[in-house]
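Quick look at protein14.txt (compact mmCIF, C-alpha atoms and all ligand atoms):
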# COMPACT_ATOMS: atom_id res chain seq x y z
CA MET A 379 65.92 -163.76 -12.11
CA PHE A 380 67.78 -166.80 -13.49
CA LEU A 381 65.07 -167.37 -16.02
CA LEU A 382 66.39 -164.29 -17.71
CA PHE A 383 69.45 -166.08 -19.00
CA LEU A 384 67.47 -168.98 -20.40
CA ILE A 385 65.39 -166.80 -22.67
CA PRO A 386 67.19 -165.97 -25.90
CA SER A 387 67.94 -162.27 -25.78
CA ILE A 388 65.35 -160.12 -27.43
CA LEU A 389 66.96 -157.42 -29.53
CA GLY A 390 66.94 -154.16 -27.68
CA SER A 391 65.34 -155.36 -24.45
CA PRO A 392 66.78 -153.83 -21.26
CA GLU A 393 68.06 -157.29 -20.36
CA SER A 394 69.91 -157.86 -23.61
CA ASP A 395 71.25 -154.31 -23.48
CA ALA A 396 72.44 -154.88 -19.92
CA LYS A 397 74.06 -158.12 -21.00
CA ALA A 398 75.83 -156.33 -23.84
CA LEU A 399 77.07 -153.72 -21.39
CA ASN A 400 78.32 -156.40 -19.02
CA GLU A 401 80.14 -158.18 -21.80
CA ALA A 402 81.70 -154.99 -23.07
CA LEU A 403 82.89 -154.28 -19.56
CA ASN A 404 84.29 -157.77 -19.08
CA GLY A 405 85.91 -157.75 -22.46
CA ILE A 406 83.94 -160.62 -23.92
CA PRO A 407 84.73 -162.01 -26.44
CA ASP A 408 87.93 -160.21 -27.53
CA GLY A 409 89.28 -158.57 -24.42
CA PHE A 410 88.44 -155.16 -23.08
CA ASN A 411 87.78 -152.74 -25.85
CA GLU A 412 86.97 -149.16 -24.86
CA SER A 413 85.43 -148.40 -28.21
CA THR A 414 82.89 -151.19 -27.85
CA LEU A 415 82.03 -150.06 -24.33
CA ILE A 416 81.42 -146.49 -25.49
CA THR A 417 79.23 -147.63 -28.36
CA VAL A 418 77.17 -149.88 -26.11
CA ILE A 419 76.59 -147.02 -23.67
CA TYR A 420 76.11 -144.05 -25.94
CA GLU A 421 74.55 -145.40 -29.11
CA LYS A 422 71.08 -145.18 -27.56
CA LYS A 423 68.21 -142.89 -26.89
CA TYR A 424 67.97 -141.52 -23.35
CA LEU A 425 65.25 -143.76 -21.98
CA ARG A 426 66.75 -146.93 -23.34
CA ARG A 427 70.16 -146.06 -21.95
CA GLN A 428 68.71 -145.43 -18.50
CA LYS A 429 66.82 -148.73 -18.61
CA MET A 430 70.01 -150.51 -19.64
CA VAL A 431 72.10 -149.02 -16.84
CA GLU A 432 69.38 -149.64 -14.22
CA THR A 433 68.89 -153.23 -15.38
CA PHE A 434 72.64 -153.75 -15.49
CA ARG A 435 72.96 -152.55 -11.91
CA ARG A 436 70.14 -154.78 -10.70
CA VAL A 437 71.23 -157.91 -12.54
CA TYR A 438 75.02 -157.71 -12.22
CA GLY A 439 75.30 -156.04 -8.84
CA GLU A 440 76.91 -153.06 -7.17
CA ASP A 441 80.53 -154.16 -7.67
CA GLN A 442 80.10 -154.40 -11.39
CA TYR A 443 78.20 -151.10 -11.37
CA SER A 444 81.17 -149.42 -9.64
CA ASN A 445 83.42 -151.10 -12.13
CA LEU A 446 81.49 -149.40 -14.93
CA TRP A 447 82.02 -145.96 -13.39
CA ASN A 448 85.70 -146.72 -12.78
CA LYS A 449 86.22 -147.71 -16.40
CA ILE A 450 84.89 -144.39 -17.63
CA SER A 451 86.16 -142.25 -14.77
CA TYR A 452 88.68 -140.35 -16.89
CA ALA A 453 86.05 -139.02 -19.30
CA PRO A 454 84.73 -135.47 -18.77
CA ASP A 455 81.96 -135.18 -16.16
CA ASP A 456 79.57 -133.71 -18.67
CA ILE A 457 79.61 -136.83 -20.78
CA ARG A 458 79.47 -139.30 -17.89
CA MET A 459 76.68 -137.76 -15.92
CA GLY A 460 74.12 -138.14 -18.68
CA ILE A 461 74.22 -141.90 -18.81
CA ILE A 462 71.72 -142.50 -16.02
CA ASP A 463 69.25 -139.86 -17.16
CA ASN A 464 66.18 -140.48 -19.22
CA SER A 465 65.67 -137.07 -20.77
CA SER A 466 67.55 -133.91 -21.62
CA ALA A 467 65.57 -132.15 -18.87
CA PHE A 468 67.37 -134.30 -16.30
CA TYR A 469 70.65 -133.70 -18.05
CA ASP A 470 70.16 -129.92 -18.09
CA ALA A 471 69.09 -129.99 -14.45
CA LYS A 472 72.36 -131.71 -13.53
CA VAL A 473 74.40 -129.27 -15.60
CA LEU A 474 72.83 -126.37 -13.72
CA ILE A 475 73.09 -127.96 -10.29
CA HIS A 476 76.76 -128.86 -10.87
CA ALA A 477 77.54 -125.38 -12.16
CA MET A 478 76.28 -123.88 -8.90
CA ARG A 479 78.34 -126.17 -6.67
CA GLY A 480 81.54 -125.08 -5.05
CA ARG A 481 82.79 -121.72 -3.95
CA SER A 482 81.85 -119.80 -7.05
CA TYR A 483 79.35 -120.63 -9.72
CA LYS A 484 80.35 -121.35 -13.31
CA LYS A 485 78.55 -118.78 -15.34
CA LYS A 486 79.07 -120.22 -18.81
CA PRO A 487 76.97 -123.37 -18.53
CA ILE A 488 74.36 -121.50 -16.50
CA ILE A 489 74.01 -118.81 -19.14
CA GLU A 490 73.98 -121.30 -22.00
CA VAL A 491 71.13 -123.33 -20.58
CA MET A 492 69.09 -120.55 -19.02
CA VAL A 493 69.00 -118.21 -22.03
CA SER A 494 68.12 -120.84 -24.58
CA ARG A 495 65.42 -123.05 -23.09
CA THR A 496 61.76 -122.37 -23.78
CA SER A 497 59.41 -121.98 -20.82
CA LYS A 498 58.07 -125.45 -21.51
CA GLU A 499 61.57 -126.91 -21.42
CA MET A 500 62.46 -124.86 -18.35
CA LYS A 501 59.43 -126.20 -16.49
CA LYS A 502 60.58 -129.75 -17.18
CA ILE A 503 64.11 -128.88 -16.03
CA LYS A 504 62.65 -127.54 -12.78
CA GLU A 505 60.62 -130.72 -12.27
CA ALA A 506 63.71 -132.80 -12.94
CA SER A 507 65.72 -130.73 -10.45
CA LEU A 508 63.07 -131.32 -7.82
CA ALA A 509 63.21 -135.05 -8.51
CA LEU A 510 66.97 -134.73 -7.92
CA GLY A 511 66.28 -132.97 -4.62
CA THR A 512 66.95 -129.37 -5.64
CA ASP A 513 64.59 -126.46 -6.04
CA LEU A 514 66.35 -124.81 -8.95
CA CYS A 515 65.15 -121.22 -8.49
CA ASP A 516 65.83 -121.33 -4.73
CA GLN A 517 69.30 -122.64 -5.46
CA MET A 518 69.91 -119.78 -7.90
CA ASP A 519 68.67 -117.32 -5.34
CA CYS A 520 71.26 -118.67 -2.88
CA GLU A 521 74.21 -119.24 -5.18
CA LEU A 522 74.22 -116.47 -7.76
CA GLY A 523 75.34 -113.64 -5.52
CA PHE A 524 73.64 -110.27 -5.57
CA GLY A 525 72.78 -108.04 -8.44
CA ASP A 526 71.18 -108.02 -11.81
CA PHE A 527 72.75 -111.24 -13.09
CA LYS A 528 70.83 -113.14 -10.48
CA ASP A 529 67.68 -111.15 -11.23
CA VAL A 530 67.92 -112.09 -14.89
CA MET A 531 68.44 -115.78 -14.08
CA LEU A 532 65.55 -115.78 -11.64
CA GLU A 533 63.24 -114.21 -14.20
CA LEU A 534 64.19 -116.93 -16.69
CA CYS A 535 63.81 -119.57 -14.01
CA LYS A 536 60.19 -118.55 -13.47
CA ALA A 537 59.46 -119.94 -16.93
CA ASP A 538 56.33 -117.84 -17.32
CA ARG A 539 56.95 -116.46 -20.77
CA ASN A 540 54.03 -116.06 -23.08
CA GLU A 541 54.66 -118.73 -25.73
CA ASP A 542 52.13 -117.77 -28.37
CA ASP A 543 53.39 -116.67 -31.73
CA TRP A 544 51.41 -113.52 -32.41
CA TYR A 545 53.10 -110.16 -32.57
CA ASP A 546 51.91 -106.62 -32.18
CA VAL A 547 53.91 -103.75 -33.65
CA ASP A 548 52.30 -101.13 -31.41
CA LEU A 549 53.34 -103.09 -28.39
CA ALA A 550 56.85 -103.36 -29.84
CA LEU A 551 56.96 -99.57 -30.20
CA LYS A 552 55.84 -99.09 -26.61
CA ASP A 553 58.43 -101.55 -25.41
CA CYS A 554 61.15 -99.77 -27.39
CA ASP A 555 60.15 -96.53 -25.74
CA LYS A 556 60.57 -98.10 -22.30
CA LEU A 557 63.89 -99.65 -23.22
CA TYR A 558 65.22 -96.37 -24.62
CA GLN A 559 64.22 -94.64 -21.40
CA PHE A 560 66.35 -97.17 -19.64
CA GLY A 561 69.35 -95.41 -21.20
CA PRO A 562 71.33 -93.39 -21.81
CA ARG A 563 73.53 -95.13 -19.29
CA ARG A 564 70.56 -95.37 -17.01
CA MET A 565 70.41 -91.61 -16.44
CA LEU A 566 66.69 -91.55 -16.95
CA ASP A 567 64.13 -93.50 -15.05
CA THR A 568 65.35 -97.01 -14.46
CA ASP A 569 62.68 -99.57 -14.11
CA GLU A 570 64.54 -102.83 -14.10
CA TYR A 571 61.43 -104.77 -13.29
CA GLY A 572 59.67 -103.24 -16.29
CA ILE A 573 62.64 -104.07 -18.52
CA ASN A 574 62.67 -107.66 -17.35
CA LYS A 575 58.96 -107.94 -17.97
CA ILE A 576 59.55 -106.99 -21.58
CA LEU A 577 62.67 -109.03 -22.21
CA PHE A 578 61.69 -112.25 -20.48
CA LYS A 579 57.91 -112.39 -20.67
CA ARG A 580 57.09 -111.46 -24.25
CA ASN A 581 56.84 -114.29 -26.73
CA TYR A 582 59.79 -114.92 -29.06
CA GLU A 583 58.14 -113.60 -32.22
CA GLN A 584 57.17 -110.40 -30.43
CA LEU A 585 60.74 -109.97 -29.21
CA ARG A 586 62.17 -110.51 -32.68
CA VAL A 587 59.85 -107.82 -34.05
CA MET A 588 60.74 -105.51 -31.17
CA PHE A 589 64.48 -106.00 -31.74
CA ARG A 590 64.02 -104.96 -35.38
CA VAL A 591 61.91 -101.93 -34.47
CA PHE A 592 64.40 -101.00 -31.76
CA SER A 593 67.26 -100.37 -34.21
CA ASN A 594 65.24 -97.69 -36.02
CA TYR A 595 63.42 -96.21 -33.08
CA VAL A 596 63.64 -92.45 -32.65
CA PHE A 597 63.59 -91.55 -29.00
CA THR A 598 63.28 -87.94 -27.94
CA TYR A 599 63.17 -86.54 -24.46
CA LEU A 600 62.98 -83.14 -22.83
CA TRP A 601 66.06 -81.99 -20.97
CA LYS A 602 66.20 -78.42 -19.61
CA ASP A 603 63.63 -77.09 -22.11
CA GLU A 604 65.37 -78.77 -24.97
CA TYR A 605 64.35 -81.79 -26.93
CA ILE A 606 67.14 -84.27 -27.21
CA THR A 607 67.06 -87.13 -29.66
CA LEU A 608 69.05 -90.16 -28.73
CA GLU A 609 71.28 -91.81 -31.24
CA LYS A 610 69.70 -94.92 -32.65
CA ARG A 611 71.25 -98.15 -31.51
CA SER A 612 70.70 -101.85 -31.84
CA ILE A 613 69.48 -103.91 -28.93
CA GLU A 614 72.97 -105.40 -28.69
CA THR A 615 74.55 -101.95 -28.46
CA MET A 616 72.05 -100.97 -25.81
CA ILE A 617 72.95 -104.04 -23.74
CA ASP A 618 76.64 -103.47 -24.33
CA GLU A 619 76.40 -99.88 -23.15
CA GLU A 620 74.00 -100.28 -20.25
CA TYR A 621 75.08 -103.52 -18.63
CA SER A 622 78.33 -105.01 -17.49
CA LEU A 623 80.04 -108.28 -16.61
CA SER A 624 77.96 -111.43 -16.35
CA THR A 625 74.67 -109.65 -16.95
CA LYS A 626 75.94 -108.23 -20.20
CA ASP A 627 77.20 -111.66 -21.27
CA ALA A 628 73.91 -113.29 -20.36
CA LEU A 629 71.76 -110.72 -22.15
CA LEU A 630 73.85 -110.77 -25.31
CA GLU A 631 73.63 -114.57 -25.40
CA TYR A 632 69.93 -114.31 -24.74
CA VAL A 633 69.38 -111.98 -27.70
CA LYS A 634 71.28 -114.39 -29.95
CA ALA A 635 69.16 -117.28 -28.76
CA VAL A 636 65.92 -115.34 -29.20
CA LYS A 637 66.86 -114.23 -32.70
CA ASN A 638 67.74 -117.74 -33.84
CA ARG A 639 67.62 -120.62 -31.40
CA ILE A 640 68.82 -123.36 -33.73
CA GLY A 641 71.59 -121.07 -34.97
CA TYR A 642 72.56 -120.40 -31.37
CA PHE A 643 73.11 -124.10 -30.72
CA VAL A 644 74.94 -124.57 -34.01
CA ASN A 645 77.37 -121.82 -33.00
CA LEU A 646 77.93 -123.34 -29.58
CA ILE A 647 78.97 -126.55 -31.30
CA LYS A 648 81.04 -124.83 -34.00
CA ASN A 649 82.90 -122.60 -31.58
CA GLY A 650 83.35 -125.38 -29.07
CA LEU A 651 84.98 -127.60 -31.66
CA THR A 652 87.59 -124.96 -32.52
CA ASP A 653 88.02 -123.07 -29.26
CA GLY A 654 91.55 -124.32 -28.77
CA ALA A 655 93.10 -126.62 -26.22
CA GLY A 656 92.59 -125.77 -22.58
CA SER A 657 89.35 -123.93 -23.26
CA ASN A 658 86.01 -125.28 -22.19
CA GLY A 659 84.96 -125.82 -25.76
CA GLU A 660 84.79 -129.56 -25.37
CA ARG A 661 82.30 -129.34 -22.54
CA GLN A 662 80.27 -126.81 -24.48
CA VAL A 663 79.95 -129.23 -27.39
CA ILE A 664 78.99 -132.10 -25.06
CA ARG A 665 76.41 -129.99 -23.23
CA THR A 666 74.84 -128.84 -26.46
CA ILE A 667 74.59 -132.26 -28.07
CA PHE A 668 73.53 -134.10 -24.91
CA GLY A 669 71.19 -131.29 -23.89
CA ARG A 670 69.35 -131.15 -27.22
CA THR A 671 69.07 -134.89 -27.75
CA GLY A 672 65.44 -135.88 -28.05
CA ILE A 673 64.42 -132.26 -28.69
CA ASP A 674 65.82 -130.46 -31.71
CA LEU A 675 69.13 -132.22 -32.33
CA PRO A 676 68.19 -133.20 -35.91
CA GLU A 677 67.40 -129.58 -36.80
CA ILE A 678 70.66 -128.40 -35.26
CA VAL A 679 72.66 -131.03 -37.13
CA LYS A 680 70.96 -130.14 -40.42
CA GLU A 681 71.73 -126.47 -39.88
CA PHE A 682 75.35 -127.41 -39.14
CA GLY A 683 75.55 -128.96 -42.59
CA GLY A 684 74.48 -132.54 -41.95
CA LYS A 685 75.55 -135.45 -39.82
CA ASP A 686 78.51 -136.43 -41.98
CA LYS A 687 79.94 -132.97 -41.75
CA LEU A 688 79.44 -132.83 -37.98
CA VAL A 689 80.98 -136.27 -37.46
CA GLU A 690 83.92 -135.22 -39.60
CA SER A 691 84.37 -132.01 -37.59
CA ILE A 692 84.22 -133.93 -34.33
CA ARG A 693 86.81 -136.43 -35.58
CA LYS A 694 89.12 -133.66 -36.74
CA SER A 695 88.82 -131.44 -33.68
CA VAL A 696 92.08 -131.29 -31.74
CA ASP A 697 90.27 -130.07 -28.63
CA LEU A 698 88.22 -133.18 -27.86
CA TYR A 699 89.29 -136.30 -25.99
CA TRP A 700 89.09 -139.52 -27.92
CA PHE A 701 86.42 -140.74 -25.49
CA THR A 702 84.29 -137.66 -26.10
CA LYS A 703 84.56 -138.03 -29.85
CA GLN A 704 83.47 -141.69 -29.79
CA ALA A 705 80.61 -140.94 -27.42
CA LEU A 706 79.28 -137.97 -29.35
CA ILE A 707 79.39 -139.85 -32.63
CA ALA A 708 77.51 -142.73 -30.99
CA ILE A 709 74.85 -140.32 -29.67
CA LEU A 710 74.46 -138.86 -33.14
CA ASN A 711 74.14 -142.32 -34.68
CA ALA A 712 71.27 -143.23 -32.39
CA ASN A 713 69.49 -139.88 -32.18
CA CYS A 714 69.93 -138.37 -35.56
CA GLU A 715 69.06 -141.05 -38.10
CA GLU A 716 67.62 -138.65 -40.65
CA CYS A 717 70.16 -135.89 -40.44
C1 LIG A 801 87.58 -152.57 -30.73
O1 LIG A 801 86.39 -152.91 -31.41
C2 LIG A 801 86.22 -152.24 -32.63
C3 LIG A 801 84.82 -152.52 -33.16
O2 LIG A 801 84.45 -153.85 -32.96
C4 LIG A 801 87.33 -152.64 -33.58
O3 LIG A 801 87.17 -151.98 -34.83
C5 LIG A 801 88.66 -152.27 -32.97
O4 LIG A 801 89.72 -152.72 -33.79
C6 LIG A 801 88.81 -152.89 -31.58
N1 LIG A 801 90.00 -152.35 -30.96
C7 LIG A 801 90.85 -153.12 -30.32
C8 LIG A 801 92.01 -152.42 -29.69
O5 LIG A 801 90.73 -154.31 -30.22
C1 LIG A 802 63.04 -140.77 -15.57
O1 LIG A 802 63.98 -140.79 -14.51
C2 LIG A 802 63.48 -140.27 -13.30
C3 LIG A 802 64.62 -140.21 -12.31
O2 LIG A 802 65.49 -141.28 -12.40
C4 LIG A 802 62.30 -141.08 -12.81
O3 LIG A 802 61.79 -140.52 -11.63
C5 LIG A 802 61.24 -141.09 -13.90
O4 LIG A 802 60.16 -141.91 -13.53
C6 LIG A 802 61.81 -141.58 -15.22
N1 LIG A 802 60.82 -141.46 -16.28
C7 LIG A 802 60.51 -142.46 -17.10
C8 LIG A 802 59.54 -142.17 -18.18
O5 LIG A 802 61.02 -143.56 -17.00
Is it possible to express this structure as structure tokens?
Amino acid sequence: MFLLFLIPSILGSPESDAKALNEALNGIPDGFNESTLITVIYEKKYLRRQKMVETFRRVYGEDQYSNLWNKISYAPDDIRMGIIDNSSAFYDAKVLIHAMRGRSYKKKPIIEVMVSRTSKEMKKIKEASLALGTDLCDQMDCELGFGDFKDVMLELCKADRNEDDWYDVDLALKDCDKLYQFGPRRMLDTDEYGINKILFKRNYEQLRVMFRVFSNYVFTYLWKDEYITLEKRSIETMIDEEYSLSTKDALLEYVKAVKNRIGYFVNLIKNGLTDGAGSNGERQVIRTIFGRTGIDLPEIVKEFGGKDKLVESIRKSVDLYWFTKQALIAILNANCEEC
């Protein structure tokens, strides 16, 4: 172990990173400087950050490791918990597990993550949860109460969506027919299982086509010897009229994410930055940036208007702690070089 200190530090090795972290923590050479500490921790890609923290813990010991957590203890949970993870799947898994702790679940983070992850991503999140000792779908089954909100989350948790990118207009028409039968206000045959099979199992392109067809679909049914034609409505109106509470929120978010995933994340960031003090906007921004790091963060940042614009918006936001701002900018610096 001592040999380590005799070798000149190799740029970017876990050992030199750990040393930098230790020095930042001890305030070497210019006294403790929070800004330096944040940069050392956050200006990294996931895997390298995990290696640094693990190496730091091994080399400098448990007391110093506790010291690290103490020094950053006032920062929001969402931004601290990611520092020992090595992928966004682990981060998302923790967000979900945390959101289900306590007396009542926090629906916002659950909805955000569950409606917007692809099946492939969801499978990785489930694996990560298992590695953290939690079977995610079982946990949802236990914690999300009774009713259709839980059913929706469990369907998404199965992560068995078809992920091809073909579409079939005839199939879209058939699906519209089933969805229209679901209304009006569920007077007609309600086949929730059938609805879920359409909404959560069809591939994204197919759903986008179906949503478009849906708005112009003419649905007629026989009622006491009379043909009745339902008023046309958009998929959003259908959801708004047929569902309530958390389920409605989840499905409306889901439709947004299906229609435009990158745009969905951009809006989470935009709204989070301007939500106003006391809202959970800050955590929403952290979750989105941390959760998409290593996946599609560059695309999201480009769609936002570029890194400079995002950094500027983060700096100017009155709703973010100073710590959060520094950390997010550091993450962007290390994970979004070409934005
Ligand atoms: C902390 O370090 C940064 C970067 O090295 C420097 O710009 C800043 O002035 C320092 N702050 C304090 C309080 O020393
Ligand atoms: C990522 O972290 C998890 C949990 O700490 C660990 O089990 C896994 O092996 C790590 N993966 C890599 C590539 O280091």
Of A:Asn464, A:Asn581, A:Thr666, A:Ser451, the one nearest to ligand LIG 802 (chain A) when counting all atoms listed in the file is A:Asn464
Correct to one decimal, the distance atom CA of Asn711 of chain A-atom CA of Glu421 of chain A is 6.4 Å
Report as a PDB file with C-alpha atoms, in the frame of the given file all protein, DNA and RNA residues lying within 10 Å of Met616 of chain A, evaluated on only C-alpha atoms, omitting residues in the same chain fewer than 2 positions from it.
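And here is the file that came out, around.pdb:
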ATOM      1  CA  LEU A 557      63.890 -99.650 -23.220  1.00  0.00           C
ATOM      2  CA  TYR A 558      65.220 -96.370 -24.620  1.00  0.00           C
ATOM      3  CA  PHE A 560      66.350 -97.170 -19.640  1.00  0.00           C
ATOM      4  CA  GLY A 561      69.350 -95.410 -21.200  1.00  0.00           C
ATOM      5  CA  PRO A 562      71.330 -93.390 -21.810  1.00  0.00           C
ATOM      6  CA  ARG A 563      73.530 -95.130 -19.290  1.00  0.00           C
ATOM      7  CA  PHE A 592      64.400-101.000 -31.760  1.00  0.00           C
ATOM      8  CA  SER A 593      67.260-100.370 -34.210  1.00  0.00           C
ATOM      9  CA  LYS A 610      69.700 -94.920 -32.650  1.00  0.00           C
ATOM     10  CA  ARG A 611      71.250 -98.150 -31.510  1.00  0.00           C
ATOM     11  CA  SER A 612      70.700-101.850 -31.840  1.00  0.00           C
ATOM     12  CA  ILE A 613      69.480-103.910 -28.930  1.00  0.00           C
ATOM     13  CA  GLU A 614      72.970-105.400 -28.690  1.00  0.00           C
ATOM     14  CA  ASP A 618      76.640-103.470 -24.330  1.00  0.00           C
ATOM     15  CA  GLU A 619      76.400 -99.880 -23.150  1.00  0.00           C
ATOM     16  CA  GLU A 620      74.000-100.280 -20.250  1.00  0.00           C
ATOM     17  CA  TYR A 621      75.080-103.520 -18.630  1.00  0.00           C
ATOM     18  CA  LYS A 626      75.940-108.230 -20.200  1.00  0.00           C
ATOM     19  CA  LEU A 630      73.850-110.770 -25.310  1.00  0.00           C
TER      20      LEU A 630
END
Computed gap from atom CA of Val530 of chain A to atom CA of Gly511 of chain A is 23.3 Å
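Residue nearest Leu522 of chain A within the list A:Gln559, A:Thr625, A:Asn713, A:Gln584: A:Thr625 [criterion: smallest interatomic distance, all atoms listed in the file].
We find atom CA of Val636 of chain A and atom CA of Met518 of chain A to be spaced 22.1 Å apart.
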For segment 644-658 of chain A, take all atoms listed in the file, fit an axis-aligned box around them, add 6 Å to each of the six sides, then output centre and edge lengths in Å rounded to one decimal, as lines of an AutoDock Vina configuration file.
center_x = 84.0
center_y = -124.7
center_z = -28.1
size_x = 30.2
size_y = 17.8
size_z = 23.8
Expected selection as a PyMOL selection string for ligand LIG 802 (chain A) within 12 Å, only C-alpha atoms and all ligand atoms: chain A and resi 424-432+460-469+471-472+502-503+505-511
Within 10 Å of ligand LIG 801 (chain A), which residues of chain A come that close, and what is the closest atom pair and distance in Å for each? Count all atoms listed in the file and give it as CSV.
residue,atom,partner,partner_atom,distance
A:Ala402,CA,A:LIG801,O1,9.8
A:Gly405,CA,A:LIG801,O5,9.8
A:Asp408,CA,A:LIG801,O5,7.1
A:Gly409,CA,A:LIG801,O5,7.3
A:Phe410,CA,A:LIG801,O5,7.5
A:Asn411,CA,A:LIG801,C1,4.9
A:Glu412,CA,A:LIG801,C1,6.8
A:Ser413,CA,A:LIG801,C1,5.3
A:Thr414,CA,A:LIG801,O1,5.3
A:Leu415,CA,A:LIG801,O1,8.8
A:Thr417,CA,A:LIG801,C3,8.8
**Top pick for closest residue to Ala705 of chain A, considering A:Gly439, A:Gly650, A:Pro454, A:Pro407 and counting all atoms listed in the file** =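 With all atoms listed in the file as the atom set, the closest residue is A:Pro454.
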Contact residues around segment 674-678 of chain A with all atoms listed in the file at 7 Å, ignoring same-chain residues under 4 positions, as a list in words:
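Using all atoms listed in the file, the neighbours found are Ile640, Phe643, Val644, Ile667, Arg670, Phe682, Cys714 and Cys717 of chain A.
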key: Minimum-distance residue to Phe597 of chain A, chosen among A:Glu541, A:Glu533, A:Asp526, A:Lys556 (using only C-alpha atoms)   =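 Ranked by minimum distance to Phe597 of chain A, first place goes to A:Lys556.
The residue that comes closest to Leu710 of chain A, out of A:Arg495, A:Lys687, A:Arg580, A:Arg590 and on the basis of only C-alpha atoms, is A:Lys687.
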Across A:Asp441, A:Asp538, A:Asp395, A:Asp519, the smallest distance to Glu499 of chain A, with only C-alpha atoms counted, is shown by A:Asp538
Inset, instruction - Give me the residues within 8 Å of segment 552-554 of chain A as a count of residues only, counting all atoms listed in the file and dropping any in the same chain fewer than 6 places off. - result: 5
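Within 7 Å of the point (67.2, -157.7, -14.5), and counting all atoms listed in the file, the protein, DNA and RNA residues are Met379, Glu393, Thr433, Phe434, Arg436 and Val437 of chain A.
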Based on the selection just made, write C-alpha atoms of those residues as a PDB file, in the coordinates of the input.
ATOM      1  CA  MET A 379      65.920-163.760 -12.110  1.00  0.00           C
ATOM      2  CA  GLU A 393      68.060-157.290 -20.360  1.00  0.00           C
ATOM      3  CA  THR A 433      68.890-153.230 -15.380  1.00  0.00           C
ATOM      4  CA  PHE A 434      72.640-153.750 -15.490  1.00  0.00           C
ATOM      5  CA  ARG A 436      70.140-154.780 -10.700  1.00  0.00           C
ATOM      6  CA  VAL A 437      71.230-157.910 -12.540  1.00  0.00           C
TER       7      VAL A 437
END
Is there a way to get, as a PyMOL selection string, all residues within 7 Å of the point (73.4, -124.9, -19.1) in file coordinates, counting all atoms listed in the file?
chain A and resi 470+473-474+487-492
Expected file contents, prior selection, C-alpha atoms, as a compact mmCIF listing (two decimals), keeping the file's coordinate frame:
# COMPACT_ATOMS: atom_id res chain seq x y z
CA ASP A 470 70.16 -129.92 -18.09
CA VAL A 473 74.40 -129.27 -15.60
CA LEU A 474 72.83 -126.37 -13.72
CA PRO A 487 76.97 -123.37 -18.53
CA ILE A 488 74.36 -121.50 -16.50
CA ILE A 489 74.01 -118.81 -19.14
CA GLU A 490 73.98 -121.30 -22.00
CA VAL A 491 71.13 -123.33 -20.58
CA MET A 492 69.09 -120.55 -19.02
Next item on the list: Identify, on the basis of all atoms listed in the file, every residue whose closest approach to Ala712 of chain A does not exceed 9 Å; exclude the query and any residue fewer than 2 positions from it along the same chain; express the result as JSON, numbers by chain.
Entry: {"A": [420, 421, 422, 423, 707, 708, 709, 710, 714, 715]}
Any chance you could turn segment 441-449 of chain A into a file with N, CA, C and O atoms, as a compact mmCIF listing (two decimals), in the first residue's frame?
# COMPACT_ATOMS: atom_id res chain seq x y z
N ASP A 441 -12.67 6.85 8.98
CA ASP A 441 -12.91 8.16 9.60
C ASP A 441 -12.95 9.25 8.55
O ASP A 441 -13.81 10.14 8.57
N GLN A 442 -11.99 9.16 7.64
CA GLN A 442 -11.93 10.17 6.59
C GLN A 442 -13.12 10.04 5.64
O GLN A 442 -13.64 11.03 5.14
N TYR A 443 -13.56 8.79 5.45
CA TYR A 443 -14.74 8.55 4.61
C TYR A 443 -15.97 9.20 5.24
O TYR A 443 -16.76 9.85 4.56
N SER A 444 -16.13 9.04 6.55
CA SER A 444 -17.25 9.69 7.25
C SER A 444 -17.12 11.20 7.16
O SER A 444 -18.12 11.92 7.00
N ASN A 445 -15.89 11.65 7.26
CA ASN A 445 -15.62 13.08 7.15
C ASN A 445 -16.13 13.64 5.81
O ASN A 445 -16.74 14.72 5.75
N LEU A 446 -15.91 12.87 4.76
CA LEU A 446 -16.39 13.27 3.44
C LEU A 446 -17.90 13.47 3.46
O LEU A 446 -18.42 14.50 3.02
N TRP A 447 -18.62 12.47 4.00
CA TRP A 447 -20.09 12.57 4.02
C TRP A 447 -20.54 13.72 4.91
O TRP A 447 -21.53 14.39 4.61
N ASN A 448 -19.82 13.95 6.01
CA ASN A 448 -20.18 15.08 6.88
C ASN A 448 -20.04 16.41 6.15
O ASN A 448 -20.88 17.29 6.28
N LYS A 449 -18.95 16.53 5.40
CA LYS A 449 -18.69 17.79 4.71
C LYS A 449 -19.76 18.14 3.69
O LYS A 449 -20.01 19.30 3.40
